[in-house]
Amino acid sequence: MENLKRQQEARAQMWEEHTSAYEEKARMFDKELEDISKEFEHLENEKMKLAEEYGDTNVDDDDFIHINAGGRVVTANRGTLTYQKGTMLEALFSGRWEKKIQHDEYGHIFLDVNPTCFQEVINYLSEMRYSSEEKKSQCWHTGEKVDLLLTHTMSYLGVNHIMSSPDISQVRNATNYERAAKRAKRAKKASPTKATGVSTTLDNLCSTFQNVTNSLSQEEKLLNTAKEELQRVKRNLEKEQDFIQRVSAQSPNDIVSFDVKGTLMTTKRSTLRIFKGSPLERQFDDATWPNQNTNVTSVKQWSYEQVVDWAKHQAEIPDEVVGLFEENKVTGLELLAFGREDLKELGI
């Protein structure tokens, strides 16, 4: 009997040690989860303050936004532009920076990007937004001519190209803080804090202990995932502010429009002056440009007569289209509003 009593005392002590260790671990996880929650809440408050100071807090995914992308006006849905969360494109059109980002003289958001590539990015995001998970995993290609430029454009805007692996979206969701937090809480609730009084076999008891261990291990992994997500969001907010600073409003004279062998383009003078000492840099420097620009009429200000005169000298434009321009009195602003599909329909 004495041996049995000593064994019972040892068992009670071991149980106490196990439950104490479990409760200590659970308290630690609860504290970590609380700290992470506060950090995420703080970041959301920071974003709201930025929107109040520099943007608009009353934006909607259904808003349509007109963007001057390198001289071509592109219209896109805000929900499509912000589909990939954490990207610079999402930050740009989140509404947080409406007052800081650069606009052209007609109020369109101006982006100094290749218009063809930007349109492909919009097409890609729209396809991803409305496609099934199966279709999202399929490869997506553009013409070889724009592949390299498109890669740079997507990198610049922070857009990820999901080439394959149908589980990628699930992995992205698994790193979402709210989901990780909820799963962690469920895992902890599933762990017993005291004996239930239900008779069980030793095998079942061992299985229960193993389940508790697995539950705690899973909760720890999810907390680590939430921490990684938190750090990613912090880094993205810092990158976002640097990115917005680069594309923020500068002098209106920095945006220039011109005709390059029949192609209407819009860009920044600062872009044209990247290579110091080059002819372009000298042509568009602060001393020379104002004198060149005094007698130059912006394409947007062209009368329909100027549009017709320009079109007559473009070998790629059929005479029938020139006639349509003249008949409908198409102005320079209307000409710039034509998209690629519109021009294709006209045979250009």
# chains A, B, ... in the order shown; residues from 1 in each chain; ligands from 1

$ residues_around --residues "Ala69 of chain A" --least-positions-apart "2" --cutoff "10 Å" --atoms "only C-alpha atoms" --output "tab-separated table (two decimals) with C-alpha atoms, in the first residue's frame"
chain	number	residue	atom	x	y	z
A	66	HIS	CA	-9.07	57.56	-64.72
A	67	ILE	CA	-5.30	57.15	-64.99
A	71	GLY	CA	-0.05	59.45	-72.23
A	72	ARG	CA	-2.84	56.88	-72.53
A	73	VAL	CA	-5.91	57.33	-70.37
A	74	VAL	CA	-6.83	54.03	-68.69
A	75	THR	CA	-10.02	53.61	-66.68
A	108	HIS	CA	-6.27	62.22	-64.08
A	109	ILE	CA	-3.80	60.43	-61.83
A	110	PHE	CA	-0.51	60.46	-63.71
A	111	LEU	CA	1.81	57.45	-63.75
A	112	ASP	CA	5.10	57.60	-65.61
A	113	VAL	CA	4.86	54.02	-66.87
A	114	ASN	CA	4.69	52.15	-70.15
A	115	PRO	CA	0.97	52.33	-71.07
A	116	THR	CA	0.89	48.95	-72.80
A	117	CYS	CA	2.41	47.20	-69.79
A	118	PHE	CA	0.17	49.06	-67.36
A	119	GLN	CA	-2.89	47.95	-69.32
A	265	MET	CA	3.50	60.09	-75.26
A	266	THR	CA	3.43	61.68	-71.83
A	267	THR	CA	6.24	61.42	-69.30

$ residues_around --residues "segment 306-312 of chain A" --least-positions-apart "3" --cutoff "8 Å" --atoms "only C-alpha atoms" --output "ChimeraX atom specification"
/A:302-303,315,317,319,322,325-326,330-332,335

$ residues_around --residues "Thr80 of chain A" --least-positions-apart "2" --cutoff "7 Å" --atoms "only C-alpha atoms" --output "JSON, numbers by chain"
{"A": [77, 78, 82, 83, 125, 126, 129]}

$ write_last_selection --atoms "all heavy atoms" --output "short mmCIF file (atom, residue, chain, number, x, y, z; two decimals), in the first residue's frame"
data_model
loop_
_atom_site.label_atom_id
_atom_site.label_comp_id
_atom_site.auth_asym_id
_atom_site.auth_seq_id
_atom_site.Cartn_x
_atom_site.Cartn_y
_atom_site.Cartn_z
N ASN A 77 -11.40 49.93 -62.28
CA ASN A 77 -12.15 49.85 -61.04
C ASN A 77 -11.20 49.83 -59.86
O ASN A 77 -10.19 49.14 -59.88
CB ASN A 77 -13.00 48.57 -61.10
CG ASN A 77 -13.91 48.41 -59.91
OD1 ASN A 77 -13.46 47.98 -58.86
ND2 ASN A 77 -15.18 48.73 -60.09
N ARG A 78 -11.51 50.59 -58.81
CA ARG A 78 -10.60 50.65 -57.65
C ARG A 78 -10.40 49.26 -57.04
O ARG A 78 -9.30 48.92 -56.60
CB ARG A 78 -11.15 51.61 -56.58
CG ARG A 78 -10.15 51.87 -55.45
CD ARG A 78 -10.75 52.71 -54.33
NE ARG A 78 -11.20 54.00 -54.77
CZ ARG A 78 -10.43 55.08 -54.85
NH1 ARG A 78 -9.14 54.99 -54.53
NH2 ARG A 78 -10.92 56.23 -55.23
N THR A 82 -6.69 47.55 -56.41
CA THR A 82 -6.25 47.25 -55.05
C THR A 82 -6.43 45.77 -54.71
O THR A 82 -6.40 45.39 -53.54
CB THR A 82 -7.02 48.10 -54.02
OG1 THR A 82 -8.43 47.81 -54.15
CG2 THR A 82 -6.80 49.58 -54.25
N TYR A 83 -6.57 44.93 -55.75
CA TYR A 83 -6.87 43.51 -55.51
C TYR A 83 -5.75 42.80 -54.73
O TYR A 83 -6.01 42.05 -53.80
CB TYR A 83 -7.11 42.79 -56.85
CG TYR A 83 -7.26 41.30 -56.71
CD1 TYR A 83 -8.41 40.75 -56.15
CD2 TYR A 83 -6.23 40.43 -57.10
CE1 TYR A 83 -8.55 39.38 -56.00
CE2 TYR A 83 -6.37 39.06 -56.95
CZ TYR A 83 -7.53 38.54 -56.40
OH TYR A 83 -7.65 37.18 -56.24
N LEU A 125 -4.85 41.70 -63.21
CA LEU A 125 -5.52 41.82 -61.91
C LEU A 125 -7.02 41.57 -62.04
O LEU A 125 -7.64 40.96 -61.17
CB LEU A 125 -5.26 43.19 -61.30
CG LEU A 125 -3.83 43.45 -60.83
CD1 LEU A 125 -3.67 44.90 -60.39
CD2 LEU A 125 -3.45 42.51 -59.69
N SER A 126 -7.60 42.07 -63.13
CA SER A 126 -9.02 41.84 -63.36
C SER A 126 -9.31 40.35 -63.54
O SER A 126 -10.29 39.82 -63.00
CB SER A 126 -9.48 42.62 -64.60
OG SER A 126 -10.85 42.41 -64.85
N ARG A 129 -9.02 38.67 -60.21
CA ARG A 129 -10.11 39.04 -59.30
C ARG A 129 -11.38 38.26 -59.58
O ARG A 129 -12.10 37.87 -58.65
CB ARG A 129 -10.37 40.54 -59.42
CG ARG A 129 -11.41 41.07 -58.43
CD ARG A 129 -11.69 42.54 -58.68
NE ARG A 129 -12.64 43.06 -57.71
CZ ARG A 129 -13.26 44.22 -57.84
NH1 ARG A 129 -13.03 44.98 -58.90
NH2 ARG A 129 -14.12 44.64 -56.92
#

$ select_by_dssp --residues "segment 213-325 of chain A" --states "strand (DSSP E or B)" --output "ChimeraX atom specification"
/A:248,255-260,263-268

$ write_last_selection --atoms "all heavy atoms" --output "short mmCIF file (atom, residue, chain, number, x, y, z; two decimals), in the first residue's frame"
data_model
loop_
_atom_site.label_atom_id
_atom_site.label_comp_id
_atom_site.auth_asym_id
_atom_site.auth_seq_id
_atom_site.Cartn_x
_atom_site.Cartn_y
_atom_site.Cartn_z
N SER A 248 4.82 61.43 -55.92
CA SER A 248 3.97 62.51 -55.42
C SER A 248 4.04 63.72 -56.34
O SER A 248 4.91 63.84 -57.20
CB SER A 248 4.41 62.91 -54.00
OG SER A 248 5.74 63.38 -54.01
N ILE A 255 5.47 67.40 -66.16
CA ILE A 255 4.78 66.47 -67.06
C ILE A 255 4.77 67.06 -68.46
O ILE A 255 4.29 68.17 -68.67
CB ILE A 255 3.34 66.21 -66.59
CG1 ILE A 255 3.33 65.60 -65.20
CG2 ILE A 255 2.62 65.28 -67.57
CD1 ILE A 255 1.93 65.36 -64.65
N VAL A 256 5.32 66.31 -69.42
CA VAL A 256 5.38 66.81 -70.80
C VAL A 256 4.76 65.79 -71.74
O VAL A 256 4.85 64.58 -71.53
CB VAL A 256 6.84 67.09 -71.24
CG1 VAL A 256 7.42 68.24 -70.45
CG2 VAL A 256 7.71 65.85 -71.09
N SER A 257 4.10 66.30 -72.78
CA SER A 257 3.50 65.45 -73.81
C SER A 257 4.13 65.79 -75.15
O SER A 257 4.40 66.97 -75.44
CB SER A 257 1.98 65.69 -73.88
OG SER A 257 1.36 65.36 -72.65
N PHE A 258 4.38 64.78 -75.97
CA PHE A 258 4.98 65.03 -77.27
C PHE A 258 4.66 63.88 -78.22
O PHE A 258 4.18 62.83 -77.82
CB PHE A 258 6.50 65.24 -77.14
CG PHE A 258 7.18 64.27 -76.23
CD1 PHE A 258 7.58 63.02 -76.68
CD2 PHE A 258 7.41 64.61 -74.90
CE1 PHE A 258 8.21 62.12 -75.84
CE2 PHE A 258 8.04 63.71 -74.05
CZ PHE A 258 8.44 62.47 -74.52
N ASP A 259 4.93 64.13 -79.48
CA ASP A 259 4.66 63.17 -80.55
C ASP A 259 6.00 62.58 -81.00
O ASP A 259 6.88 63.30 -81.45
CB ASP A 259 3.97 63.91 -81.70
CG ASP A 259 3.64 63.01 -82.89
OD1 ASP A 259 4.30 61.97 -83.03
OD2 ASP A 259 2.73 63.35 -83.67
N VAL A 260 6.13 61.26 -80.85
CA VAL A 260 7.35 60.58 -81.28
C VAL A 260 7.01 59.70 -82.47
O VAL A 260 6.44 58.61 -82.32
CB VAL A 260 7.96 59.73 -80.14
CG1 VAL A 260 9.22 59.05 -80.62
CG2 VAL A 260 8.26 60.59 -78.93
N THR A 263 3.49 58.62 -82.42
CA THR A 263 3.00 58.06 -81.16
C THR A 263 2.95 59.16 -80.11
O THR A 263 3.97 59.79 -79.81
CB THR A 263 3.91 56.93 -80.66
OG1 THR A 263 3.94 55.89 -81.64
CG2 THR A 263 3.38 56.37 -79.34
N LEU A 264 1.76 59.41 -79.56
CA LEU A 264 1.61 60.42 -78.53
C LEU A 264 2.05 59.85 -77.19
O LEU A 264 1.59 58.80 -76.77
CB LEU A 264 0.14 60.87 -78.46
CG LEU A 264 -0.42 61.48 -79.74
CD1 LEU A 264 -1.91 61.75 -79.59
CD2 LEU A 264 0.30 62.77 -80.08
N MET A 265 2.95 60.57 -76.53
CA MET A 265 3.50 60.09 -75.26
C MET A 265 3.44 61.19 -74.22
O MET A 265 3.47 62.37 -74.53
CB MET A 265 4.95 59.63 -75.45
CG MET A 265 5.14 58.52 -76.45
SD MET A 265 6.90 58.07 -76.65
CE MET A 265 7.28 57.50 -74.99
N THR A 266 3.35 60.77 -72.96
CA THR A 266 3.43 61.68 -71.83
C THR A 266 4.38 61.09 -70.81
O THR A 266 4.30 59.89 -70.49
CB THR A 266 2.05 61.90 -71.18
OG1 THR A 266 1.13 62.37 -72.16
CG2 THR A 266 2.12 62.91 -70.05
N THR A 267 5.29 61.91 -70.30
CA THR A 267 6.24 61.42 -69.30
C THR A 267 6.69 62.59 -68.44
O THR A 267 6.19 63.71 -68.59
CB THR A 267 7.45 60.74 -69.98
OG1 THR A 267 8.27 60.13 -68.98
CG2 THR A 267 8.28 61.73 -70.77
N LYS A 268 7.62 62.33 -67.55
CA LYS A 268 8.16 63.39 -66.70
C LYS A 268 9.48 63.87 -67.27
O LYS A 268 10.26 63.08 -67.80
CB LYS A 268 8.40 62.88 -65.27
CG LYS A 268 7.15 62.54 -64.49
CD LYS A 268 7.54 62.10 -63.07
CE LYS A 268 6.32 61.77 -62.24
NZ LYS A 268 6.69 61.37 -60.86
#

$ atom_distance --atom1 "atom CA of Ala26 of chain A" --atom2 "atom CA of Phe40 of chain A"
21.0 Å

$ atom_distance --atom1 "atom CA of Phe243 of chain A" --atom2 "atom CA of Met88 of chain A"
7.2 Å
